file my_file_22.cif (mmCIF, C-alpha atoms)
data_input
loop_
_atom_site.label_atom_id
_atom_site.label_comp_id
_atom_site.auth_asym_id
_atom_site.auth_seq_id
_atom_site.Cartn_x
_atom_site.Cartn_y
_atom_site.Cartn_z
CA MET O 259 120.30 97.88 66.68
CA ASP O 260 119.71 95.74 69.80
CA ALA O 261 116.60 93.57 69.82
CA ALA O 262 114.08 94.57 72.49
CA ILE O 263 112.16 91.33 71.96
CA GLU O 264 113.53 88.03 70.70
CA LEU O 265 111.27 85.01 70.45
CA ASP O 266 112.43 81.66 69.13
CA GLY O 267 109.93 78.83 68.82
CA LEU O 268 107.80 80.22 71.65
CA GLU O 269 105.13 77.88 72.96
CA ARG O 270 102.30 78.32 75.43
CA ARG O 271 99.51 75.90 76.31
CA TYR O 272 96.35 76.05 78.42
CA GLY O 273 96.10 72.49 79.65
CA GLU O 274 96.14 70.36 76.51
CA ARG O 275 95.18 73.22 74.21
CA VAL O 276 98.03 74.84 72.33
CA ALA O 277 97.64 78.62 72.44
CA LEU O 278 100.99 79.51 70.87
CA ALA O 279 103.50 77.33 69.02
CA GLY O 280 106.58 78.02 66.94
CA VAL O 281 106.41 81.80 67.31
CA SER O 282 109.73 83.37 66.35
CA VAL O 283 110.26 87.07 65.91
CA SER O 284 112.81 89.76 66.66
CA VAL O 285 111.78 93.35 67.37
CA PRO O 286 114.51 96.03 67.44
CA ALA O 287 114.41 98.63 70.20
CA GLY O 288 112.13 101.51 69.22
CA ALA O 289 110.34 99.50 66.51
CA THR O 290 106.69 98.49 66.33
CA LEU O 291 105.50 94.93 65.75
CA ALA O 292 101.91 94.48 64.60
CA VAL O 293 100.33 91.21 65.71
CA LEU O 294 97.40 90.26 63.53
CA GLY O 295 94.97 87.39 63.49
CA GLY O 296 91.37 86.37 64.06
CA ASN O 297 89.62 85.80 67.36
CA GLY O 298 91.35 83.13 69.45
CA ALA O 299 94.50 83.24 67.32
CA GLY O 300 96.73 83.73 70.39
CA LYS O 301 97.39 87.48 70.16
CA THR O 302 96.40 88.30 73.74
CA THR O 303 98.25 85.24 75.03
CA LEU O 304 101.38 86.47 73.26
CA LEU O 305 101.05 89.89 74.90
CA ARG O 306 100.54 88.31 78.33
CA VAL O 307 103.64 86.14 77.88
CA LEU O 308 105.66 89.20 76.85
CA ALA O 309 104.35 91.08 79.90
CA GLY O 310 105.48 88.26 82.19
CA LEU O 311 101.90 87.46 83.22
CA LEU O 312 102.05 83.98 81.65
CA ARG O 313 104.95 81.55 81.57
CA PRO O 314 106.19 80.33 78.21
CA HIS O 315 106.05 76.53 78.03
CA GLY O 316 108.59 76.07 75.27
CA GLY O 317 111.08 77.84 73.05
CA SER O 318 112.92 80.89 74.24
CA ALA O 319 111.82 84.44 74.93
CA ARG O 320 113.92 87.47 75.79
CA VAL O 321 112.22 90.76 76.55
CA LEU O 322 114.40 93.83 77.15
CA GLY O 323 117.29 91.50 77.90
CA ALA O 324 115.34 89.43 80.44
CA ALA O 325 115.03 85.72 79.63
CA LEU O 326 111.52 84.47 80.41
CA PRO O 327 110.25 83.10 82.67
CA GLY O 328 113.26 83.38 85.03
CA GLY O 329 113.91 87.05 84.44
CA ARG O 330 110.35 88.26 84.41
CA TRP O 331 110.77 90.00 87.74
CA LYS O 332 112.82 92.59 85.81
CA LEU O 333 109.94 93.45 83.48
CA PRO O 334 107.25 95.31 85.44
CA ALA O 335 109.20 98.56 85.71
CA GLN O 336 109.87 98.51 81.95
CA VAL O 337 106.60 97.31 80.44
CA GLY O 338 103.40 99.25 79.90
CA TYR O 339 100.51 96.84 79.36
CA LEU O 340 97.21 97.93 77.90
CA GLY O 341 94.96 94.90 77.56
CA HIS O 342 91.24 94.26 77.20
CA GLU O 343 90.67 95.04 80.87
CA PRO O 344 91.51 98.58 81.98
CA LEU O 345 92.92 97.27 85.32
CA LEU O 346 91.10 100.06 87.13
CA TYR O 347 88.85 99.66 90.17
CA ARG O 348 85.29 100.66 89.35
CA GLU O 349 84.51 102.05 92.81
CA LEU O 350 87.54 104.33 92.84
CA THR O 351 87.81 107.55 90.88
CA GLY O 352 90.18 107.84 87.97
CA ARG O 353 92.54 109.98 90.03
CA GLU O 354 92.48 107.51 92.96
CA ASN O 355 93.20 104.63 90.59
CA LEU O 356 96.16 106.40 89.04
CA ARG O 357 97.53 107.43 92.43
CA TYR O 358 97.30 103.79 93.50
CA HIS O 359 99.20 102.59 90.43
CA ALA O 360 101.72 105.42 90.88
CA ASP O 361 102.31 104.20 94.43
CA LEU O 362 102.83 100.64 93.17
CA HIS O 363 105.36 101.87 90.61
CA GLY O 364 107.02 104.35 92.94
CA VAL O 365 106.09 107.24 90.64
CA ALA O 366 105.54 110.73 92.06
CA HIS O 367 101.89 111.85 92.08
CA SER O 368 102.96 115.06 90.35
CA ARG O 369 103.34 113.00 87.15
CA LEU O 370 99.60 112.30 87.06
CA GLU O 371 98.10 115.73 86.44
CA PRO O 372 100.01 116.42 83.21
CA LEU O 373 99.02 112.94 81.98
CA LEU O 374 95.35 113.47 82.79
CA ALA O 375 95.44 116.86 81.08
CA GLN O 376 97.21 115.42 78.05
CA LEU O 377 94.45 112.82 77.67
CA GLY O 378 91.69 115.37 78.30
CA VAL O 379 90.26 113.62 81.37
CA GLU O 380 91.36 115.94 84.16
CA ASP O 381 87.80 117.27 84.63
CA ARG O 382 86.27 113.79 84.97
CA ALA O 383 89.04 112.18 87.00
CA ASP O 384 87.22 112.61 90.32
CA GLU O 385 84.24 110.51 89.23
CA PRO O 386 84.08 106.79 90.00
CA VAL O 387 85.30 104.73 87.06
CA ARG O 388 81.97 102.85 87.01
CA ASP O 389 80.22 106.11 86.02
CA LEU O 390 82.51 106.86 83.09
CA SER O 391 82.01 105.98 79.43
CA ARG O 392 84.18 103.27 77.88
CA GLY O 393 86.13 105.89 75.99
CA LEU O 394 86.99 107.81 79.15
CA VAL O 395 87.92 104.57 80.92
CA GLN O 396 90.21 103.71 78.01
CA ARG O 397 91.93 107.09 78.33
CA LEU O 398 92.51 106.41 82.04
CA ALA O 399 93.80 102.94 81.19
CA ILE O 400 96.28 104.52 78.76
CA ALA O 401 97.42 106.89 81.53
CA ARG O 402 97.85 103.87 83.83
CA ALA O 403 99.89 101.99 81.23
CA VAL O 404 102.36 104.83 80.58
CA LEU O 405 102.57 106.57 83.95
CA HIS O 406 105.90 104.91 84.78
CA ASP O 407 107.27 105.87 81.36
CA PRO O 408 108.04 102.31 80.18
CA PRO O 409 110.34 101.72 77.20
CA LEU O 410 108.14 98.84 75.96
CA LEU O 411 104.41 99.07 75.32
CA LEU O 412 102.20 96.01 74.87
CA LEU O 413 98.99 97.28 73.34
CA ASP O 414 95.85 95.23 72.75
CA GLU O 415 93.42 97.25 70.63
CA PRO O 416 94.64 100.46 72.28
CA ARG O 417 92.26 102.74 70.39
CA ALA O 418 89.16 100.68 71.16
CA ASN O 419 86.33 102.99 72.24
CA LEU O 420 88.36 106.14 71.54
CA ASP O 421 86.85 108.80 69.32
CA PRO O 422 89.16 110.38 66.70
CA SER O 423 90.04 113.35 68.89
CA ALA O 424 90.83 111.10 71.86
CA ALA O 425 92.96 108.87 69.63
CA GLU O 426 94.84 111.98 68.58
CA LEU O 427 95.39 112.97 72.23
CA ALA O 428 96.72 109.48 72.99
CA GLU O 429 99.06 109.41 70.00
CA PRO O 430 102.10 111.04 71.71
CA LEU O 431 101.79 108.51 74.54
CA ILE O 432 101.12 105.23 72.77
CA GLY O 433 101.55 106.01 69.08
CA ARG O 434 104.60 105.63 66.92
CA SER O 435 105.73 109.14 67.85
CA ALA O 436 106.11 108.02 71.48
CA GLY O 437 109.44 106.50 70.41
CA ARG O 438 108.91 103.36 72.47
CA THR O 439 109.19 99.75 71.38
CA ARG O 440 105.63 98.60 70.76
CA VAL O 441 103.78 95.36 70.20
CA LEU O 442 100.44 96.30 68.76
CA VAL O 443 97.48 93.93 68.53
CA SER O 444 94.72 95.21 66.30
CA HIS O 445 91.88 94.08 64.06
CA ASP O 446 92.41 97.18 61.94
CA VAL O 447 94.86 95.47 59.59
CA GLN O 448 95.63 98.43 57.35
CA GLY O 449 95.94 100.83 60.28
CA ALA O 450 98.24 98.48 62.19
CA LEU O 451 100.43 97.77 59.17
CA GLY O 452 100.62 101.50 58.50
CA GLU O 453 102.15 102.24 61.89
CA SER O 454 104.39 99.19 62.28
CA ASP O 455 107.84 98.14 61.14
CA ALA O 456 107.06 94.43 61.04
CA ALA O 457 104.02 92.20 61.26
CA LEU O 458 103.36 88.81 62.79
CA GLY O 459 100.31 86.91 61.63
CA LEU O 460 98.83 84.27 63.91
CA ARG O 461 96.32 81.56 63.12
CA ALA O 462 95.39 79.06 65.83
CA GLY O 463 98.49 80.09 67.77
CA ARG O 464 100.90 79.48 64.92
CA PRO O 465 102.67 81.97 62.66
CA ALA O 466 100.79 82.59 59.42
CA PRO O 467 101.29 84.88 56.43
CA VAL O 468 99.60 88.26 56.73
CA ASP O 469 97.23 88.02 53.79
CA ALA O 470 93.55 87.72 53.06
CA GLU O 471 93.53 84.12 54.36
CA LEU O 472 94.55 85.18 57.87
CA TYR O 473 90.99 85.90 59.00
CA ARG O 474 89.32 82.94 57.27
CA MET F 271 107.30 96.89 101.03
CA ILE F 272 105.48 98.73 103.83
CA ALA F 273 104.65 101.68 101.54
CA THR F 274 103.19 99.31 98.93
CA ALA F 275 101.22 97.38 101.55
CA ARG F 276 99.86 100.67 102.86
CA ALA F 277 98.77 101.70 99.34
CA ILE F 278 96.98 98.37 98.79
CA LEU F 279 95.35 98.50 102.25
CA ARG F 280 94.20 102.10 101.71
CA LYS F 281 92.67 101.06 98.39
CA ASP F 282 90.89 98.04 99.96
CA LEU F 283 89.48 100.08 102.85
CA ARG F 284 88.29 102.80 100.48
CA ILE F 285 86.53 100.24 98.28
CA GLU F 286 84.92 98.58 101.33
CA LEU F 287 83.72 101.95 102.64
CA ARG F 288 82.09 102.65 99.28
CA THR F 289 80.66 99.24 98.46
CA ARG F 290 79.92 98.05 102.03
CA GLU F 291 80.01 94.48 100.76
CA SER F 292 81.98 92.59 103.40
CA VAL F 293 81.70 94.09 106.89
CA PRO F 294 77.92 94.71 106.92
CA ALA F 295 77.30 91.15 105.68
CA MET F 296 79.60 89.73 108.37
CA VAL F 297 77.91 91.83 111.09
CA LEU F 298 74.43 90.88 109.94
CA PHE F 299 75.39 87.20 109.82
CA SER F 300 76.85 87.28 113.34
CA ILE F 301 73.85 89.01 114.89
CA THR F 302 71.46 86.69 113.07
CA VAL F 303 73.28 83.63 114.42
CA TYR F 304 73.25 85.01 117.98
CA VAL F 305 69.51 85.68 117.66
CA LEU F 306 69.05 82.10 116.38
CA PHE F 307 70.98 80.71 119.38
CA HIS F 308 68.98 82.95 121.71
CA PHE F 309 65.71 81.46 120.52
CA GLY F 310 67.03 78.02 119.51
CA LEU F 311 68.47 77.32 122.94
CA ASP F 312 65.55 79.10 124.57
CA ARG F 313 67.90 80.69 127.10
CA ASP F 314 68.66 84.29 128.00
CA SER F 315 71.95 83.44 129.60
CA LEU F 316 74.86 81.16 128.67
CA ASP F 317 78.13 80.80 130.47
CA GLY F 318 81.43 78.92 130.36
CA GLU F 319 82.13 76.52 127.50
CA LEU F 320 78.79 76.91 125.79
CA ALA F 321 79.04 80.71 125.73
CA SER F 322 82.60 80.80 124.41
CA GLY F 323 81.81 78.10 121.82
CA VAL F 324 78.82 80.05 120.51
CA LEU F 325 80.82 83.28 120.44
CA TRP F 326 83.79 81.86 118.53
CA VAL F 327 82.06 79.49 116.11
CA THR F 328 79.87 82.40 115.02
CA LEU F 329 82.85 84.74 114.57
CA LEU F 330 84.74 82.09 112.59
CA LEU F 331 81.80 81.49 110.27
CA ALA F 332 81.41 85.25 109.80
CA ALA F 333 85.12 85.37 108.91
CA VAL F 334 84.44 82.94 106.03
CA ILE F 335 82.32 85.66 104.41
CA GLY F 336 85.14 88.17 104.71
CA VAL F 337 87.75 85.74 103.38
CA SER F 338 85.53 84.83 100.40
CA ARG F 339 85.30 88.52 99.48
CA LEU F 340 88.93 89.42 100.24
CA PHE F 341 90.18 88.98 96.66
CA ALA F 342 86.82 89.52 94.93
CA VAL F 343 87.68 92.97 93.67
CA GLU F 344 91.08 91.81 92.40
CA ARG F 345 89.53 88.81 90.67
CA GLU F 346 86.68 90.74 89.09
CA GLN F 347 88.51 93.92 88.11
CA GLY F 348 91.98 92.72 87.12
CA GLY F 349 93.68 93.82 90.32
CA ILE F 350 96.03 90.85 90.42
CA ASP F 351 97.32 91.63 86.92
CA GLY F 352 97.76 95.24 88.01
CA LEU F 353 99.91 94.11 90.92
CA LEU F 354 101.91 91.61 88.88
CA LEU F 355 102.62 94.35 86.34
CA ALA F 356 104.11 96.57 89.04
CA PRO F 357 107.60 96.19 90.53
CA VAL F 358 106.34 95.28 93.99
CA ASP F 359 107.23 92.63 96.53
CA ARG F 360 104.25 90.26 96.57
CA THR F 361 104.59 89.92 100.31
CA SER F 362 103.17 93.44 100.49
CA LEU F 363 99.93 92.07 99.02
CA PHE F 364 99.75 89.46 101.78
CA VAL F 365 100.45 92.06 104.47
CA ALA F 366 97.79 94.40 103.06
CA LYS F 367 95.14 91.69 102.68
CA ALA F 368 95.79 90.27 106.14
CA ALA F 369 95.66 93.78 107.65
CA ALA F 370 92.39 94.50 105.82
CA LEU F 371 90.86 91.25 107.11
CA PHE F 372 92.09 92.02 110.64
CA LEU F 373 90.40 95.43 110.51
CA PHE F 374 87.20 93.96 109.05
CA LEU F 375 87.05 91.37 111.87
CA THR F 376 87.68 94.05 114.48
CA ALA F 377 84.88 96.19 113.03
CA VAL F 378 82.53 93.18 113.06
CA GLU F 379 83.38 92.39 116.69
CA LEU F 380 82.69 95.97 117.76
CA VAL F 381 79.04 95.23 117.00
CA ALA F 382 78.82 91.44 117.28
CA VAL F 383 80.37 91.03 120.75
CA PRO F 384 78.03 93.56 122.43
CA ALA F 385 75.14 91.90 120.58
CA PHE F 386 76.32 88.51 121.87
CA ALA F 387 76.53 89.89 125.42
CA LEU F 388 73.08 91.43 125.14
CA LEU F 389 71.39 88.34 123.71
CA LEU F 390 73.26 85.50 125.39
CA LEU F 391 75.18 86.72 128.46
CA GLY F 392 72.99 87.41 131.39
CA PRO F 393 75.37 89.42 133.62
CA GLY F 394 77.36 90.82 130.68
CA LEU F 395 81.11 90.83 130.19
CA GLY F 396 81.94 93.01 133.16
CA SER F 397 85.55 92.86 134.32
CA ALA F 398 86.52 90.19 131.76
CA LEU F 399 86.51 92.70 128.89
CA PRO F 400 90.25 93.58 128.82
CA GLU F 401 91.26 89.89 128.68
CA LEU F 402 88.58 89.18 126.08
CA LEU F 403 89.90 92.02 123.90
CA LEU F 404 93.35 90.42 124.02
CA VAL F 405 91.95 87.02 123.00
CA LEU F 406 89.95 88.66 120.21
CA ALA F 407 93.04 90.51 118.92
CA LEU F 408 95.19 87.35 118.86
CA GLY F 409 92.35 85.33 117.35
CA ASN F 410 91.85 87.96 114.66
CA LEU F 411 95.56 87.91 113.83
CA GLY F 412 95.52 84.15 113.28
CA ILE F 413 92.32 84.29 111.23
CA ALA F 414 93.71 87.18 109.16
CA ALA F 415 97.00 85.40 108.37
CA VAL F 416 95.35 82.12 107.38
CA GLY F 417 92.43 83.94 105.71
CA ALA F 418 94.68 86.00 103.43
CA LEU F 419 96.58 82.86 102.45
CA VAL F 420 93.44 80.85 101.69
CA ALA F 421 91.82 83.78 99.85
CA ALA F 422 94.86 84.09 97.57
CA LEU F 423 94.90 80.34 96.98
CA ALA F 424 91.23 80.33 96.01
CA ALA F 425 91.29 83.60 94.07
CA GLU F 426 92.08 82.14 90.66
CA THR F 427 89.93 79.03 91.00
CA ARG F 428 86.45 78.73 89.57
CA ALA F 429 84.92 77.28 92.73
CA HIS F 430 86.43 79.75 95.19
CA GLU F 431 83.20 79.99 97.22
CA LEU F 432 83.53 76.27 97.94
CA ILE F 433 87.29 76.18 98.39
CA VAL F 434 87.44 78.98 100.96
CA PRO F 435 85.37 77.31 103.71
CA LEU F 436 86.75 73.84 102.91
CA LEU F 437 90.34 75.04 103.39
CA LEU F 438 89.84 77.78 105.93
CA LEU F 439 87.79 76.10 108.62
CA PRO F 440 90.05 73.05 109.16
CA LEU F 441 93.10 75.33 109.29
CA LEU F 442 91.37 77.47 111.91
CA VAL F 443 90.52 74.60 114.25
CA PRO F 444 93.57 75.36 116.48
CA VAL F 445 92.49 79.03 116.64
CA LEU F 446 88.97 77.97 117.59
CA ILE F 447 90.21 75.65 120.33
CA ALA F 448 92.64 78.19 121.78
CA CYS F 449 90.21 81.12 121.57
CA ALA F 450 87.29 79.15 123.01
CA GLN F 451 89.42 77.72 125.83
CA ALA F 452 90.91 81.12 126.64
CA THR F 453 87.48 82.74 126.61
CA GLU F 454 85.68 80.03 128.60
CA PRO F 455 86.89 81.10 132.08
CA LEU F 456 86.22 84.74 131.18
CA LEU F 457 82.55 83.92 130.56
CA ARG F 458 82.21 81.63 133.57
CA GLN F 459 80.24 83.25 136.35
CA ASP F 460 82.11 81.62 139.22
CA ALA F 461 85.79 81.60 138.32
CA GLY F 462 88.69 83.70 137.12
CA PRO F 463 90.90 83.33 134.03
CA GLU F 464 93.23 80.68 135.41
CA ASP F 465 94.24 79.13 132.05
CA LEU F 466 94.43 82.31 130.06
CA GLY F 467 98.20 82.46 129.81
CA ARG F 468 98.55 78.93 128.40
CA TRP F 469 95.96 79.47 125.68
CA LEU F 470 97.24 82.92 124.79
CA SER F 471 100.71 81.42 124.36
CA LEU F 472 99.28 78.78 122.02
CA LEU F 473 97.43 81.48 120.04
CA THR F 474 100.58 83.58 119.79
CA LEU F 475 102.56 80.56 118.57
CA TYR F 476 99.90 79.77 115.96
CA ASP F 477 99.90 83.39 114.79
CA VAL F 478 103.69 83.49 114.45
CA VAL F 479 103.81 80.17 112.58
CA PHE F 480 101.06 81.10 110.12
CA VAL F 481 102.33 84.62 109.48
CA LEU F 482 105.79 83.21 108.67
CA LEU F 483 104.36 80.34 106.61
CA SER F 484 102.12 82.71 104.66
CA VAL F 485 104.97 85.10 103.91
CA ALA F 486 107.08 82.16 102.72
CA VAL F 487 104.52 80.66 100.33
CA PHE F 488 102.50 83.70 99.22
CA ASP F 489 104.76 84.46 96.24
CA PHE F 490 104.10 81.04 94.75
CA LEU F 491 100.32 81.33 95.05
CA LEU F 492 100.26 84.16 92.53
CA GLU F 493 102.42 82.32 90.00
CA ASP F 494 100.82 81.38 86.68
#

call {"tool": "encode", "arguments": {"input": "my_file_22.cif", "output": "structure tokens"}}
result
Amino acid sequence: MDAAIELDGLERRYGERVALAGVSVSVPAGATLAVLGGNGAGKTTLLRVLAGLLRPHGGSARVLGAALPGGRWKLPAQVGYLGHEPLLYRELTGRENLRYHADLHGVAHSRLEPLLAQLGVEDRADEPVRDLSRGLVQRLAIARAVLHDPPLLLLDEPRANLDPSAAELAEPLIGRSAGRTRVLVSHDVQGALGESDAALGLRAGRPAPVDAELYR
Amino acid sequence: MIATARAILRKDLRIELRTRESVPAMVLFSITVYVLFHFGLDRDSLDGELASGVLWVTLLLAAVIGVSRLFAVEREQGGIDGLLLAPVDRTSLFVAKAAALFLFLTAVELVAVPAFALLLLGPGLGSALPELLLVLALGNLGIAAVGALVAALAAETRAHELIVPLLLLPLLVPVLIACAQATEPLLRQDAGPEDLGRWLSLLTLYDVVFVLLSVAVFDFLLED
């Protein structure tokens, strides 16, 4: 099976501070990689490098065949990124936000209504995002991340703020059953390991065994 | 590219209409400054160089407010990441931001210029209005091109409120000179617009150079 993601000795720094070093991993297409580690371990930085939002400073990185950083212009159409920030404008309604992102991705607006219905937010999608609960905002952020039907999902705590029924609604879009390649960052170690094919532990930006020591 | 720019512009105008953060502040600032000049100079009527200087310096300083806020929503709500995660030509972001700033400035001038005439021009603008509108349009274009560039440059810095005026105002000195010189004969009570063509040509040249320069470098400003 072709590798969707291939990292070899990946490095990333913020000034003098090393955020990632020596990260090597290969993720086959359609597989899920769980990225685990404590706060500040480099998980979000790794996702942002894979999304093409940050340049790698060392090692090599190939994502969906694109070598980073040179080939990162190929990524946006193929990557769905769900980070800590929902990337939605608070003064716009959910529907307006999704139409805006659909326009940026060249996606027909007709794709939005089924997505909103699938996530159970169609009745609240005309309210400004600032008036919505975190759970509803997260559902809209999930819709934003998948509206262009990307083959690769980069998910940072994707079920944060979702109640069990909402998590169930989101499952066909961002869960294992979606059939997409996924990189999943989570603090729910057992849950993440249960829905992944491989795991990468990070401690202070460096690979570490996934065991009880990882969070100490 | 045009479709993307239109989507970004529509979003920016919608947000401004709902938040009313930029244009009302720029209008209020302009009128306040004209009131201050009215009382500070203790004159009901200015003309010539002094009138055009007061008009344009005030509009330029009001533009600083608009430029400072131009990327605020992107900076605060992850809009830049949203754009970088979409397969769009980044030039469309420049076009949209410059167009938004141009429209904001035009909206400000719809109120500020009549207020200026009321407070500081005795006989009013009279027959000079068509020429003044042309100078305002070309001035706005230059301010919008440079403003969008500077706003993007400052967007990811911590001290963007300081960087915007420090970069913007020196870059706009040629616009100020050309606009003030082109406007001066229009506000003179005893003469016609004899130098208008020369200064409008300079303004047009400035606009063309900065639009092209901004398009050329804008991509790199958003790089990590």

call {"tool": "interface_residues", "arguments": {"input": "my_file_22.cif", "of": "chain O", "to": "chain F", "cutoff": "8 Å", "atoms": "all atoms listed in the file", "output": "PyMOL selection string"}}
result
chain O and resi 309-313+331-335+337+339+343-350+358-359+361-363

call {"tool": "residues_around", "arguments": {"input": "my_file_22.cif", "residues": "range 457-460 of chain F", "least_positions_apart": "4", "cutoff": "7 Å", "atoms": "all atoms listed in the file", "output": "list in words"}}
result
Asp317, Gly318, Ala321, Ser322 and Thr453 of chain F

call {"tool": "closest_residue", "arguments": {"input": "my_file_22.cif", "among": "F:Ser315, F:Gln451, F:Ser362, F:Thr376", "to": "Val293 in chain F", "atoms": "all atoms listed in the file"}}
result
F:Thr376

call {"tool": "atom_distance", "arguments": {"input": "my_file_22.cif", "atom1": "CA of Leu265 in chain O", "atom2": "CA of Thr303 in chain O"}}
result
13.8 Å

call {"tool": "residues_near_point", "arguments": {"input": "my_file_22.cif", "point": "(73.4, 87.1, 114.5)", "cutoff": "12 Å", "atoms": "all atoms listed in the file", "output": "number ranges by chain"}}
result
F: 294-309, 324-325, 327-329, 331-332, 378-379, 381-390

call {"tool": "closest_residue", "arguments": {"input": "my_file_22.cif", "among": "F:Pro444, F:Gly392, F:Pro435, F:Gly467", "to": "Val405 in chain F", "atoms": "all atoms listed in the file"}}
result
F:Gly467

call {"tool": "resolve_selection", "arguments": {"input": "my_file_22.cif", "expression": "the PyMOL selection byres ((chain F and resi 449) around 9)", "output": "NGL selection string"}}
result
:F and (322-323 or 326 or 405-406 or 408-409 or 444-448 or 450-454 or 469-470 or 473)

call {"tool": "atom_distance", "arguments": {"input": "my_file_22.cif", "atom1": "CA of Pro465 in chain O", "atom2": "CA of Ala450 in chain O"}}
result
17.1 Å

call {"tool": "axis_aligned_box", "arguments": {"input": "my_file_22.cif", "around": "range 342-351 of chain O", "padding_each_side": "6 Å", "output": "AutoDock Vina command-line options"}}
result
--center_x 88.7 --center_y 100.9 --center_z 85.0 --size_x 20.4 --size_y 25.3 --size_z 27.6

call {"tool": "resolve_selection", "arguments": {"input": "my_file_22.cif", "expression": "the PyMOL selection byres ((chain F and resi 420) around 10)", "output": "list in words"}}
result
Val337, Ser338, Leu340, Ala414, Ala415, Val416, Gly417, Ala418, Leu419, Ala421, Ala422, Leu423, Ala424, Ala425, His430, Ile433, Val434, Pro435, Leu436, Leu437, Leu438, Leu441, Ser484, Phe488 and Leu491 of chain F

call {"tool": "closest_residue", "arguments": {"input": "my_file_22.cif", "among": "F:Leu466, F:Val443, F:Ala370, F:Leu363", "to": "Leu402 in chain F", "atoms": "all atoms listed in the file"}}
result
F:Leu466

call {"tool": "resolve_selection", "arguments": {"input": "my_file_22.cif", "expression": "the PyMOL selection byres ((chain O and resi 455) around 12)", "output": "list of chain:residue names"}}
result
O:Ser284, O:Val285, O:Pro286, O:Ala287, O:Gly288, O:Ala289, O:Thr290, O:Leu291, O:Ala292, O:Val293, O:Arg434, O:Thr439, O:Arg440, O:Val441, O:Leu442, O:Ala450, O:Leu451, O:Gly452, O:Glu453, O:Ser454, O:Ala456, O:Ala457, O:Leu458

call {"tool": "atom_distance", "arguments": {"input": "my_file_22.cif", "atom1": "CA of Val443 in chain O", "atom2": "CA of Ile400 in chain O"}}
result
14.8 Å

call {"tool": "residues_near_point", "arguments": {"input": "my_file_22.cif", "point": "(88.2, 116.2, 84.5)", "cutoff": "12 Å", "atoms": "all atoms listed in the file", "output": "PyMOL selection string"}}
result
chain O and resi 351-353+371-386+390+394+397-398

call {"tool": "closest_residue", "arguments": {"input": "my_file_22.cif", "among": "O:Glu415, O:Val395, O:Gly463, O:Ala360", "to": "Arg271 in chain O", "atoms": "all atoms listed in the file"}}
result
O:Gly463

call {"tool": "closest_residue", "arguments": {"input": "my_file_22.cif", "among": "O:Arg330, O:Pro314, O:Val404, O:Val365", "to": "Pro430 in chain O", "atoms": "all atoms listed in the file"}}
result
O:Val404

call {"tool": "build_atoms", "arguments": {"input": "my_file_22.cif", "residues": "range 363-374 of chain O", "atoms": "N, CA and C atoms", "output": "mmCIF file, in the coordinates of the input"}}
result
data_model
loop_
_atom_site.group_PDB
_atom_site.id
_atom_site.type_symbol
_atom_site.label_atom_id
_atom_site.label_comp_id
_atom_site.auth_asym_id
_atom_site.auth_seq_id
_atom_site.Cartn_x
_atom_site.Cartn_y
_atom_site.Cartn_z
ATOM 1 N N HIS O 363 104.175 101.726 91.463
ATOM 2 C CA HIS O 363 105.360 101.870 90.610
ATOM 3 C C HIS O 363 106.387 102.824 91.189
ATOM 4 N N GLY O 364 106.081 103.401 92.344
ATOM 5 C CA GLY O 364 107.020 104.350 92.940
ATOM 6 C C GLY O 364 107.167 105.627 92.133
ATOM 7 N N VAL O 365 106.070 106.024 91.470
ATOM 8 C CA VAL O 365 106.090 107.240 90.640
ATOM 9 C C VAL O 365 105.480 108.386 91.444
ATOM 10 N N ALA O 366 106.060 109.561 91.325
ATOM 11 C CA ALA O 366 105.540 110.730 92.060
ATOM 12 C C ALA O 366 104.145 111.096 91.550
ATOM 13 N N HIS O 367 103.262 111.486 92.469
ATOM 14 C CA HIS O 367 101.890 111.850 92.080
ATOM 15 C C HIS O 367 101.868 113.071 91.155
ATOM 16 N N SER O 368 102.922 113.860 91.206
ATOM 17 C CA SER O 368 102.960 115.060 90.350
ATOM 18 C C SER O 368 102.980 114.690 88.863
ATOM 19 N N ARG O 369 103.322 113.448 88.552
ATOM 20 C CA ARG O 369 103.340 113.000 87.150
ATOM 21 C C ARG O 369 101.916 112.822 86.596
ATOM 22 N N LEU O 370 100.945 112.674 87.509
ATOM 23 C CA LEU O 370 99.600 112.300 87.060
ATOM 24 C C LEU O 370 98.848 113.442 86.390
ATOM 25 N N GLU O 371 98.914 114.633 86.964
ATOM 26 C CA GLU O 371 98.100 115.730 86.440
ATOM 27 C C GLU O 371 98.434 116.065 84.981
ATOM 28 N N PRO O 372 99.715 116.172 84.631
ATOM 29 C CA PRO O 372 100.010 116.420 83.210
ATOM 30 C C PRO O 372 99.481 115.312 82.297
ATOM 31 N N LEU O 373 99.530 114.054 82.792
ATOM 32 C CA LEU O 373 99.020 112.940 81.980
ATOM 33 C C LEU O 373 97.514 113.052 81.773
ATOM 34 N N LEU O 374 96.810 113.339 82.883
ATOM 35 C CA LEU O 374 95.350 113.470 82.790
ATOM 36 C C LEU O 374 94.972 114.611 81.851
#
